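Visitor: Dropping in data.txt, with compact mmCIF, C-alpha atoms.
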```txt
# COMPACT_ATOMS: atom_id res chain seq x y z
CA MET A 209 46.40 100.67 74.52
CA PRO A 210 48.37 99.48 71.53
CA VAL A 211 49.20 102.54 69.44
CA ILE A 212 50.13 101.71 65.87
CA THR A 213 51.64 104.48 63.75
CA VAL A 214 51.75 104.17 59.96
CA ASP A 215 54.31 106.60 58.55
CA GLY A 216 53.94 106.42 54.79
CA PRO A 217 52.82 108.10 51.58
CA LYS A 218 49.69 110.20 50.92
CA LEU A 219 46.56 107.99 51.00
CA THR A 220 42.97 108.36 49.87
CA ARG A 221 40.22 108.45 52.50
CA GLU A 222 39.17 104.99 51.35
CA GLN A 223 42.67 103.59 51.76
CA LYS A 224 42.88 105.07 55.28
CA SER A 225 39.58 103.51 56.26
CA LYS A 226 40.63 100.09 54.92
CA LEU A 227 44.12 100.36 56.48
CA VAL A 228 42.83 101.23 59.95
CA LYS A 229 40.28 98.43 59.80
CA ALA A 230 42.71 95.77 58.54
CA ILE A 231 45.62 96.66 60.82
CA THR A 232 43.35 96.83 63.87
CA LYS A 233 41.89 93.42 63.02
CA VAL A 234 45.21 91.58 62.64
CA ALA A 235 46.74 93.35 65.64
CA SER A 236 43.75 92.50 67.82
CA GLU A 237 43.85 88.82 66.80
CA ILE A 238 47.63 88.40 67.25
CA ILE A 239 48.14 90.56 70.35
CA GLN A 240 44.85 89.25 71.78
CA LEU A 241 43.47 92.57 72.88
CA PRO A 242 40.03 93.98 71.97
CA GLU A 243 39.84 96.11 68.79
CA SER A 244 38.37 98.91 70.91
CA SER A 245 41.71 99.29 72.71
CA ILE A 246 43.75 99.75 69.51
CA ILE A 247 44.62 103.20 68.14
CA VAL A 248 46.04 103.66 64.64
CA LEU A 249 47.72 106.95 63.73
CA ILE A 250 48.38 107.72 60.07
CA GLU A 251 51.28 110.01 59.17
CA GLU A 252 51.22 111.06 55.49
CA ARG A 253 54.77 112.15 54.63
CA GLU A 254 55.63 114.09 51.47
CA ARG A 255 58.24 112.47 49.19
CA ASP A 256 60.37 115.57 49.83
CA ASN A 257 60.54 114.52 53.47
CA VAL A 258 61.73 110.95 53.05
CA GLY A 259 65.27 109.83 52.29
CA VAL A 260 66.22 106.27 51.39
CA GLY A 261 69.89 105.43 50.85
CA GLY A 262 70.81 109.10 51.22
CA ILE A 263 68.49 110.39 48.48
CA LEU A 264 65.14 112.14 48.80
CA LEU A 265 62.30 110.03 47.33
CA SER A 266 61.26 113.11 45.33
CA ASP A 267 64.74 113.21 43.79
CA LYS A 268 64.19 109.66 42.56
CA ASP A 269 60.94 110.49 40.73
CA MET B 428 66.23 116.75 77.70
CA PRO B 429 62.73 115.40 78.33
CA VAL B 430 60.88 115.53 75.03
CA ILE B 431 57.11 115.35 75.42
CA THR B 432 55.04 114.81 72.28
CA VAL B 433 51.31 115.54 72.29
CA ASP B 434 49.65 113.75 69.37
CA GLY B 435 46.07 114.96 69.31
CA PRO B 436 43.39 117.04 67.60
CA LYS B 437 43.68 120.49 66.01
CA LEU B 438 44.19 123.17 68.69
CA THR B 439 43.94 126.96 68.84
CA ARG B 440 47.11 129.00 69.40
CA GLU B 441 45.85 129.79 72.90
CA GLN B 442 45.31 126.10 73.72
CA LYS B 443 48.83 125.29 72.51
CA SER B 444 50.35 128.01 74.66
CA LYS B 445 48.42 126.80 77.74
CA LEU B 446 49.19 123.15 77.02
CA VAL B 447 52.94 123.70 76.64
CA LYS B 448 53.05 125.78 79.82
CA ALA B 449 50.99 123.36 81.93
CA ILE B 450 52.66 120.15 80.74
CA THR B 451 56.14 121.65 81.18
CA LYS B 452 55.26 122.75 84.71
CA VAL B 453 53.94 119.39 85.95
CA ALA B 454 56.71 117.47 84.18
CA SER B 455 59.39 119.71 85.69
CA GLU B 456 57.95 119.31 89.21
CA ILE B 457 57.50 115.52 89.04
CA ILE B 458 60.64 114.62 87.06
CA GLN B 459 62.60 117.25 89.01
CA LEU B 460 64.34 118.80 86.04
CA PRO B 461 64.39 122.51 85.16
CA GLU B 462 61.59 123.75 82.85
CA SER B 463 64.29 125.07 80.50
CA SER B 464 65.34 121.50 79.71
CA ILE B 465 61.83 120.37 78.67
CA ILE B 466 60.71 120.35 75.04
CA VAL B 467 57.05 119.86 74.08
CA LEU B 468 56.17 118.92 70.50
CA ILE B 469 52.56 119.25 69.36
CA GLU B 470 51.31 117.03 66.55
CA GLU B 471 47.88 118.09 65.26
CA ARG B 472 46.38 115.03 63.53
CA GLU B 473 43.33 115.21 61.25
CA ARG B 474 40.37 113.02 62.25
CA ASP B 475 40.88 111.27 58.88
CA ASN B 476 44.25 110.08 60.16
CA VAL B 477 43.17 108.54 63.45
CA GLY B 478 41.55 105.15 63.92
CA VAL B 479 40.06 103.93 67.19
CA GLY B 480 38.65 100.42 67.35
CA GLY B 481 39.21 99.98 63.60
CA ILE B 482 37.20 103.02 62.53
CA LEU B 483 38.45 106.43 61.40
CA LEU B 484 37.41 109.20 63.84
CA SER B 485 36.05 111.12 60.83
CA ASP B 486 33.81 108.15 60.02
CA LYS B 487 32.34 108.46 63.51
CA ASP B 488 31.36 112.12 63.08
CA MET C 191 42.64 109.63 71.27
CA PRO C 192 45.36 112.04 72.35
CA VAL C 193 48.55 110.07 72.75
CA ILE C 194 51.14 111.84 74.87
CA THR C 195 54.66 110.41 74.92
CA VAL C 196 57.12 111.42 77.63
CA ASP C 197 60.67 110.62 76.51
CA GLY C 198 62.88 111.30 79.50
CA PRO C 199 65.05 109.88 82.29
CA LYS C 200 64.50 106.82 84.46
CA LEU C 201 61.61 107.40 86.91
CA THR C 202 60.32 105.74 90.05
CA ARG C 203 56.93 103.99 89.94
CA GLU C 204 55.56 106.80 92.10
CA GLN C 205 56.82 109.49 89.71
CA LYS C 206 55.25 107.64 86.78
CA SER C 207 51.91 107.41 88.54
CA LYS C 208 51.98 111.14 89.41
CA LEU C 209 53.17 112.11 85.92
CA VAL C 210 50.44 110.17 84.11
CA LYS C 211 47.79 111.59 86.42
CA ALA C 212 48.96 115.20 86.18
CA ILE C 213 49.60 115.26 82.43
CA THR C 214 46.25 113.57 81.72
CA LYS C 215 44.46 116.13 83.90
CA VAL C 216 45.95 119.25 82.31
CA ALA C 217 45.64 117.81 78.79
CA SER C 218 41.99 116.90 79.37
CA GLU C 219 41.16 120.38 80.68
CA ILE C 220 42.97 122.30 77.93
CA ILE C 221 42.16 120.04 74.95
CA GLN C 222 38.65 119.55 76.36
CA LEU C 223 38.49 115.81 75.88
CA PRO C 224 37.61 113.24 78.57
CA GLU C 225 40.52 111.85 80.62
CA SER C 226 39.41 108.36 79.55
CA SER C 227 40.41 109.14 75.96
CA ILE C 228 43.99 110.17 76.84
CA ILE C 229 46.91 107.73 76.64
CA VAL C 230 50.31 108.57 78.14
CA LEU C 231 53.36 106.54 77.09
CA ILE C 232 56.53 106.81 79.16
CA GLU C 233 59.88 106.18 77.48
CA GLU C 234 62.74 105.89 79.99
CA ARG C 235 65.95 106.61 78.05
CA GLU C 236 69.42 105.84 79.42
CA ARG C 237 71.82 108.80 79.63
CA ASP C 238 74.02 106.86 77.18
CA ASN C 239 71.24 107.21 74.62
CA VAL C 240 70.71 110.96 74.77
CA GLY C 241 72.88 113.62 73.16
CA VAL C 242 72.54 117.34 73.82
CA GLY C 243 74.77 119.74 71.91
CA GLY C 244 76.67 116.82 70.39
CA ILE C 245 77.64 115.21 73.68
CA LEU C 246 76.14 112.14 75.37
CA LEU C 247 74.47 113.05 78.69
CA SER C 248 76.49 110.22 80.29
CA ASP C 249 79.68 111.90 79.07
CA LYS C 250 78.64 115.03 80.97
CA ASP C 251 78.24 113.21 84.31
CA MET D 1440 66.76 99.30 58.86
CA PRO D 1441 67.97 102.29 60.81
CA VAL D 1442 65.19 104.86 60.75
CA ILE D 1443 66.37 108.37 61.57
CA THR D 1444 63.73 111.02 62.23
CA VAL D 1445 64.63 114.71 62.12
CA ASP D 1446 61.96 116.73 63.92
CA GLY D 1447 62.84 120.36 63.32
CA PRO D 1448 62.00 123.64 61.58
CA LYS D 1449 60.78 124.22 58.02
CA LEU D 1450 63.57 123.51 55.51
CA THR D 1451 64.20 124.26 51.86
CA ARG D 1452 64.28 121.37 49.37
CA GLU D 1453 68.03 121.89 49.07
CA GLN D 1454 68.54 121.67 52.84
CA LYS D 1455 66.49 118.46 52.95
CA SER D 1456 68.55 116.89 50.20
CA LYS D 1457 71.82 117.84 51.92
CA LEU D 1458 70.54 116.74 55.34
CA VAL D 1459 69.41 113.32 54.14
CA LYS D 1460 72.70 112.76 52.33
CA ALA D 1461 74.93 113.89 55.21
CA ILE D 1462 73.05 112.10 58.00
CA THR D 1463 72.88 108.87 55.99
CA LYS D 1464 76.62 109.05 55.30
CA VAL D 1465 77.73 109.55 58.93
CA ALA D 1466 75.19 107.01 60.23
CA SER D 1467 76.32 104.41 57.69
CA GLU D 1468 79.99 104.91 58.60
CA ILE D 1469 79.50 104.83 62.37
CA ILE D 1470 76.78 102.15 62.61
CA GLN D 1471 78.54 100.20 59.84
CA LEU D 1472 75.47 99.43 57.80
CA PRO D 1473 75.02 100.15 54.06
CA GLU D 1474 73.54 103.54 53.14
CA SER D 1475 70.82 101.69 51.22
CA SER D 1476 69.42 100.35 54.49
CA ILE D 1477 69.05 103.79 56.11
CA ILE D 1478 65.76 105.73 56.05
CA VAL D 1479 65.59 109.39 57.05
CA LEU D 1480 62.20 110.95 57.85
CA ILE D 1481 61.93 114.74 58.03
CA GLU D 1482 59.24 116.27 60.21
CA GLU D 1483 58.86 120.02 59.64
CA ARG D 1484 57.17 121.45 62.77
CA GLU D 1485 55.64 124.92 62.91
CA ARG D 1486 57.02 127.22 65.63
CA ASP D 1487 53.46 127.26 67.02
CA ASN D 1488 53.83 123.56 67.71
CA VAL D 1489 57.07 123.60 69.67
CA GLY D 1490 57.49 124.56 73.31
CA VAL D 1491 60.86 125.05 75.00
CA GLY D 1492 60.94 125.86 78.69
CA GLY D 1493 57.15 126.14 78.74
CA ILE D 1494 56.89 128.77 76.01
CA LEU D 1495 55.89 128.32 72.36
CA LEU D 1496 58.78 129.14 70.00
CA SER D 1497 56.38 131.43 68.11
CA ASP D 1498 55.76 133.35 71.35
CA LYS D 1499 59.51 133.99 71.55
CA ASP D 1500 59.69 135.56 68.06
CA MET E 362 64.88 122.43 69.27
CA PRO E 363 65.62 119.92 66.54
CA VAL E 364 65.08 116.46 67.98
CA ILE E 365 66.75 113.73 65.98
CA THR E 366 65.85 110.13 66.80
CA VAL E 367 68.06 107.26 65.61
CA ASP E 368 66.11 104.01 65.72
CA GLY E 369 68.60 101.29 64.92
CA PRO E 370 70.67 98.33 66.15
CA LYS E 371 72.55 97.92 69.43
CA LEU E 372 75.61 100.23 69.54
CA THR E 373 78.75 100.48 71.62
CA ARG E 374 79.20 103.50 73.89
CA GLU E 375 81.92 104.72 71.51
CA GLN E 376 79.62 104.46 68.49
CA LYS E 377 76.92 106.40 70.34
CA SER E 378 79.33 109.16 71.24
CA LYS E 379 80.58 109.42 67.64
CA LEU E 380 77.05 109.23 66.21
CA VAL E 381 75.68 112.00 68.44
CA LYS E 382 78.66 114.22 67.66
CA ALA E 383 78.59 113.67 63.89
CA ILE E 384 74.81 113.94 63.44
CA THR E 385 74.66 117.09 65.60
CA LYS E 386 77.46 118.66 63.54
CA VAL E 387 75.94 118.06 60.10
CA ALA E 388 72.44 118.97 61.31
CA SER E 389 73.69 122.21 62.86
CA GLU E 390 75.55 123.20 59.67
CA ILE E 391 72.69 122.38 57.27
CA ILE E 392 69.74 123.54 59.41
CA GLN E 393 71.81 126.52 60.58
CA LEU E 394 70.96 126.23 64.23
CA PRO E 395 73.48 126.07 67.11
CA GLU E 396 74.66 122.60 68.16
CA SER E 397 73.49 123.40 71.69
CA SER E 398 69.87 123.39 70.50
CA ILE E 399 70.06 119.90 68.96
CA ILE E 400 68.93 116.79 70.85
CA VAL E 401 69.74 113.29 69.58
CA LEU E 402 67.81 110.32 70.98
CA ILE E 403 69.16 106.81 70.36
CA GLU E 404 66.72 103.90 70.30
CA GLU E 405 68.49 100.52 70.30
CA ARG E 406 65.99 97.98 68.89
CA GLU E 407 66.46 94.23 69.21
CA ARG E 408 66.47 92.31 65.92
CA ASP E 409 63.40 90.47 67.26
CA ASN E 410 61.57 93.79 67.18
CA VAL E 411 62.25 94.81 63.59
CA GLY E 412 60.51 93.48 60.50
CA VAL E 413 61.64 94.19 56.95
CA GLY E 414 59.58 92.83 54.07
CA GLY E 415 57.35 90.95 56.51
CA ILE E 416 60.13 89.01 58.21
CA LEU E 417 61.77 89.63 61.59
CA LEU E 418 65.47 90.57 61.23
CA SER E 419 66.24 87.85 63.79
CA ASP E 420 64.54 85.31 61.52
CA LYS E 421 66.95 86.32 58.76
CA ASP E 422 70.07 85.63 60.85
CA MET F 1463 59.50 103.37 52.89
CA PRO F 1464 56.41 102.94 55.01
CA VAL F 1465 57.53 102.61 58.60
CA ILE F 1466 54.91 101.08 60.87
CA THR F 1467 55.49 101.23 64.61
CA VAL F 1468 53.53 98.98 66.97
CA ASP F 1469 53.72 100.35 70.51
CA GLY F 1470 52.09 97.75 72.70
CA PRO F 1471 52.51 95.05 75.36
CA LYS F 1472 55.22 92.43 75.72
CA LEU F 1473 54.89 89.79 72.96
CA THR F 1474 56.26 86.33 72.35
CA ARG F 1475 58.69 85.78 69.46
CA GLU F 1476 55.93 83.91 67.64
CA GLN F 1477 53.48 86.79 68.05
CA LYS F 1478 56.08 89.23 66.73
CA SER F 1479 56.74 87.10 63.70
CA LYS F 1480 53.01 86.78 62.95
CA LEU F 1481 52.37 90.48 63.61
CA VAL F 1482 55.14 91.68 61.29
CA LYS F 1483 53.99 89.31 58.54
CA ALA F 1484 50.28 90.19 58.82
CA ILE F 1485 50.71 93.96 59.14
CA THR F 1486 53.18 94.05 56.23
CA LYS F 1487 50.77 92.06 54.06
CA VAL F 1488 47.70 94.25 54.65
CA ALA F 1489 49.72 97.47 54.43
CA SER F 1490 51.33 96.36 51.15
CA GLU F 1491 47.93 95.46 49.62
CA ILE F 1492 46.14 98.66 50.73
CA ILE F 1493 48.98 101.17 50.24
CA GLN F 1494 50.00 99.33 47.06
CA LEU F 1495 53.70 99.25 47.75
CA PRO F 1496 55.92 96.12 47.70
CA GLU F 1497 56.28 94.25 51.01
CA SER F 1498 60.06 94.65 50.66
CA SER F 1499 59.69 98.41 51.19
CA ILE F 1500 57.76 98.09 54.47
CA ILE F 1501 59.49 98.28 57.87
CA VAL F 1502 57.70 97.31 61.08
CA LEU F 1503 59.15 98.39 64.42
CA ILE F 1504 57.86 96.75 67.60
CA GLU F 1505 58.00 98.68 70.87
CA GLU F 1506 57.23 96.49 73.89
CA ARG F 1507 56.15 98.87 76.69
CA GLU F 1508 55.91 97.79 80.34
CA ARG F 1509 52.51 98.27 82.00
CA ASP F 1510 54.29 100.64 84.38
CA ASN F 1511 54.98 102.91 81.43
CA VAL F 1512 51.47 103.24 80.04
CA GLY F 1513 48.72 105.44 81.40
CA VAL F 1514 45.09 105.30 80.23
CA GLY F 1515 42.62 107.77 81.68
CA GLY F 1516 45.26 109.05 84.10
CA ILE F 1517 46.06 105.70 85.68
CA LEU F 1518 49.05 103.42 85.05
CA LEU F 1519 47.98 100.09 83.50
CA SER F 1520 49.99 98.34 86.23
CA ASP F 1521 47.89 100.14 88.85
CA LYS F 1522 44.79 98.61 87.25
CA ASP F 1523 46.09 95.02 87.56
```
Could you spell out this file's structure in structure tokens?
Guide:
Amino acid sequence: MPVITVDGPKLTREQKSKLVKAITKVASEIIQLPESSIIVLIEERERDNVGVGGILLSDKD
Amino acid sequence: MPVITVDGPKLTREQKSKLVKAITKVASEIIQLPESSIIVLIEERERDNVGVGGILLSDKD
Amino acid sequence: MPVITVDGPKLTREQKSKLVKAITKVASEIIQLPESSIIVLIEERERDNVGVGGILLSDKD
Amino acid sequence: MPVITVDGPKLTREQKSKLVKAITKVASEIIQLPESSIIVLIEERERDNVGVGGILLSDKD
Amino acid sequence: MPVITVDGPKLTREQKSKLVKAITKVASEIIQLPESSIIVLIEERERDNVGVGGILLSDKD
Amino acid sequence: MPVITVDGPKLTREQKSKLVKAITKVASEIIQLPESSIIVLIEERERDNVGVGGILLSDKD
């Protein structure tokens, strides 16, 4: 059942595959639940849609 | 006020219309709040962005 | 994989059981995925933690 | 650390910039944490993907 | 329809009331939607349940 | 900016500390962003509030 959401920048297909694998592995070991029960959702958010300290990331580029 | 988010696969316009209607109806009946107060948000997530058991859904296709 | 989150008021155990069952059923039928693949997460939010139109729900009681 | 997510309609770049700035300012003042610690995430949701009262917003247009 | 979620520290009732009012006001003005359509959800997260830079906030106290 | 949310079962303080550290490490390496920019939010959800396949986890105990 654990649902892990990664809200971050645009990723390559390879990065996504590695990220899902690695996060599932550590979560399974630490939470002590089978990998098969873990869902990872990736949210790729444009820099226009993220503000840190009151400024859009894209305005910091 | 209930906000119901459906994070799932790509859907047709017709499926979305049916899904919103059906989920709002059952939620209204069970939670006992008027349908007008229920918001349904649909998140269509690419198979590249979903991992189950450490593997991207798109890698299982 | 569909993950459906219901962010709403406090519910009884019976309501939760009914809600999970009913939402899973309609989602499975409309999205055409097996019920076994559908996860429903219930978030019970205090009226102090919900604002509609700029006013806390608990301030409207 | 506060993470503020705005799930709403499509916005112009200018609106996003103003929104991030204004929300970060009021949140910082009221929560009494530095602006630098506040993250704002903007989710632009199509009217096809929002249901209010059981009807898609796009079906109300 | 805009749903704004504030995921942050524990707040007093007064802070919540101010936060909901202020965020709804600026969002309504910038997004140009009526205040009545804006929902604010407050998520009060324990410092044990937040990690920044790999360390729990409560481990930084 | 990456915000990673872990929605899962009740955890001990030690598990949380390990989980935040491990997830931040792998995410930083794969996404190639500094650990300091990564936020992990832990959501401990009661078994009464999770449904899998239409049945509450607590009804499966």
Visitor: Just to confirm, what's the straight-line distance from CA of Ile416 (chain E) to CA of Arg1507 (chain F) in Å (one decimal)?
Guide: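 A separation of 21.3 Å between them.
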Visitor: Pick out the residues sitting within 8 Å of Thr1486 (chain F), and hand them over as a compact mmCIF listing (two decimals) with C-alpha atoms, in the coordinates of the input; count all atoms listed in the file, and ignore anything fewer than 2 positions along from it in its own chain.
Guide:
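Heads up, here's the output in out_7.txt:
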```
# COMPACT_ATOMS: atom_id res chain seq x y z
CA GLY E 414 59.58 92.83 54.07
CA GLY E 415 57.35 90.95 56.51
CA VAL F 1482 55.14 91.68 61.29
CA LYS F 1483 53.99 89.31 58.54
CA ALA F 1484 50.28 90.19 58.82
CA VAL F 1488 47.70 94.25 54.65
CA ALA F 1489 49.72 97.47 54.43
CA SER F 1490 51.33 96.36 51.15
CA GLU F 1497 56.28 94.25 51.01
CA ILE F 1500 57.76 98.09 54.47
CA ILE F 1501 59.49 98.28 57.87
CA VAL F 1502 57.70 97.31 61.08
```
Visitor: List as CSV every residue of chain C that is in contact with chain A, defined as an atom at most 12 Å from one of its atoms (using only C-alpha atoms), together with the nearest atom pair and the distance in Å rounded to one decimal, sorted by chain and then rising number.
Guide:
```
residue,atom,partner,partner_atom,distance
C:Met191,CA,A:Ile247,CA,7.4
C:Pro192,CA,A:Ile247,CA,9.8
C:Val193,CA,A:Val211,CA,8.3
C:Ile194,CA,A:Val211,CA,10.9
C:Thr195,CA,A:Val211,CA,11.0
C:Ser226,CA,A:Met209,CA,11.5
C:Ser227,CA,A:Ser245,CA,10.5
C:Ile228,CA,A:Met209,CA,10.1
C:Ile229,CA,A:Met209,CA,7.4
C:Val230,CA,A:Met209,CA,9.5
C:Leu231,CA,A:Met209,CA,9.5
```
Visitor: Please list as a list of chain:residue names every residue within 9 Å of Leu201 (chain C), counting only C-alpha atoms and excluding residues in the same chain fewer than 4 positions away.
Guide: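 The neighbour list is B:Ile458, C:Gln205, C:Lys206, C:Glu234.
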Visitor: I'd like the neighbourhood of Glu1505 (chain F) as a VMD selection string, where a residue qualifies if any of its atoms comes within 7 Å (using all atoms listed in the file), though same-chain residues fewer than 6 positions away should be ignored.
Guide: chain F and resid 1468 to 1470
Visitor: Can you save region 1474-1483 of chain F of the given block to a file, including all heavy atoms and formatted as a compact mmCIF listing (two decimals), in the first residue's frame?
Guide:
```
# COMPACT_ATOMS: atom_id res chain seq x y z
N THR F 1474 8.17 3.86 13.31
CA THR F 1474 8.87 4.32 14.50
C THR F 1474 9.71 5.54 14.13
O THR F 1474 9.99 5.77 12.94
CB THR F 1474 9.83 3.22 15.02
OG1 THR F 1474 10.85 3.02 14.00
CG2 THR F 1474 9.09 1.91 15.28
N ARG F 1475 10.18 6.27 15.13
CA ARG F 1475 11.01 7.45 14.89
C ARG F 1475 12.28 7.02 14.13
O ARG F 1475 12.74 7.71 13.21
CB ARG F 1475 11.37 8.08 16.24
CG ARG F 1475 12.34 9.22 16.19
CD ARG F 1475 11.65 10.57 15.98
NE ARG F 1475 12.64 11.63 15.93
CZ ARG F 1475 13.05 12.34 16.97
NH1 ARG F 1475 12.57 12.09 18.18
NH2 ARG F 1475 13.94 13.29 16.82
N GLU F 1476 12.80 5.88 14.52
CA GLU F 1476 14.04 5.38 13.90
C GLU F 1476 13.82 5.07 12.41
O GLU F 1476 14.60 5.43 11.55
CB GLU F 1476 14.51 4.13 14.64
CG GLU F 1476 15.97 3.79 14.38
CD GLU F 1476 16.29 2.34 14.79
OE1 GLU F 1476 15.53 1.77 15.61
OE2 GLU F 1476 17.28 1.81 14.25
N GLN F 1477 12.66 4.44 12.13
CA GLN F 1477 12.36 4.14 10.71
C GLN F 1477 12.24 5.43 9.91
O GLN F 1477 12.72 5.52 8.78
CB GLN F 1477 11.05 3.34 10.62
CG GLN F 1477 11.14 1.88 11.00
CD GLN F 1477 9.79 1.19 10.93
OE1 GLN F 1477 8.82 1.63 11.56
NE2 GLN F 1477 9.69 0.10 10.17
N LYS F 1478 11.59 6.42 10.51
CA LYS F 1478 11.41 7.70 9.79
C LYS F 1478 12.76 8.33 9.46
O LYS F 1478 13.00 8.81 8.35
CB LYS F 1478 10.58 8.67 10.64
CG LYS F 1478 9.15 8.24 10.85
CD LYS F 1478 8.42 9.20 11.77
CE LYS F 1478 7.04 8.68 12.13
NZ LYS F 1478 6.31 9.60 13.02
N SER F 1479 13.62 8.31 10.45
CA SER F 1479 14.94 8.92 10.28
C SER F 1479 15.72 8.19 9.16
O SER F 1479 16.29 8.82 8.28
CB SER F 1479 15.69 8.81 11.62
OG SER F 1479 16.89 9.53 11.57
N LYS F 1480 15.67 6.87 9.18
CA LYS F 1480 16.35 6.07 8.15
C LYS F 1480 15.72 6.31 6.78
O LYS F 1480 16.42 6.44 5.77
CB LYS F 1480 16.25 4.57 8.48
CG LYS F 1480 17.22 4.08 9.53
CD LYS F 1480 17.09 2.55 9.67
CE LYS F 1480 17.98 2.01 10.77
NZ LYS F 1480 17.65 0.57 11.04
N LEU F 1481 14.39 6.34 6.75
CA LEU F 1481 13.66 6.48 5.49
C LEU F 1481 13.98 7.82 4.82
O LEU F 1481 14.30 7.88 3.64
CB LEU F 1481 12.15 6.37 5.76
CG LEU F 1481 11.23 6.16 4.57
CD1 LEU F 1481 11.55 4.85 3.84
CD2 LEU F 1481 9.77 6.15 5.02
N VAL F 1482 13.94 8.88 5.61
CA VAL F 1482 14.22 10.22 5.08
C VAL F 1482 15.65 10.28 4.53
O VAL F 1482 15.91 10.77 3.44
CB VAL F 1482 14.02 11.28 6.20
CG1 VAL F 1482 14.79 12.55 5.93
CG2 VAL F 1482 12.53 11.57 6.36
N LYS F 1483 16.57 9.70 5.29
CA LYS F 1483 17.98 9.73 4.89
C LYS F 1483 18.19 8.94 3.58
O LYS F 1483 18.79 9.43 2.63
CB LYS F 1483 18.84 9.14 6.00
CG LYS F 1483 20.33 9.40 5.83
CD LYS F 1483 21.12 8.89 7.03
CE LYS F 1483 22.61 9.00 6.76
NZ LYS F 1483 23.42 8.31 7.81
```
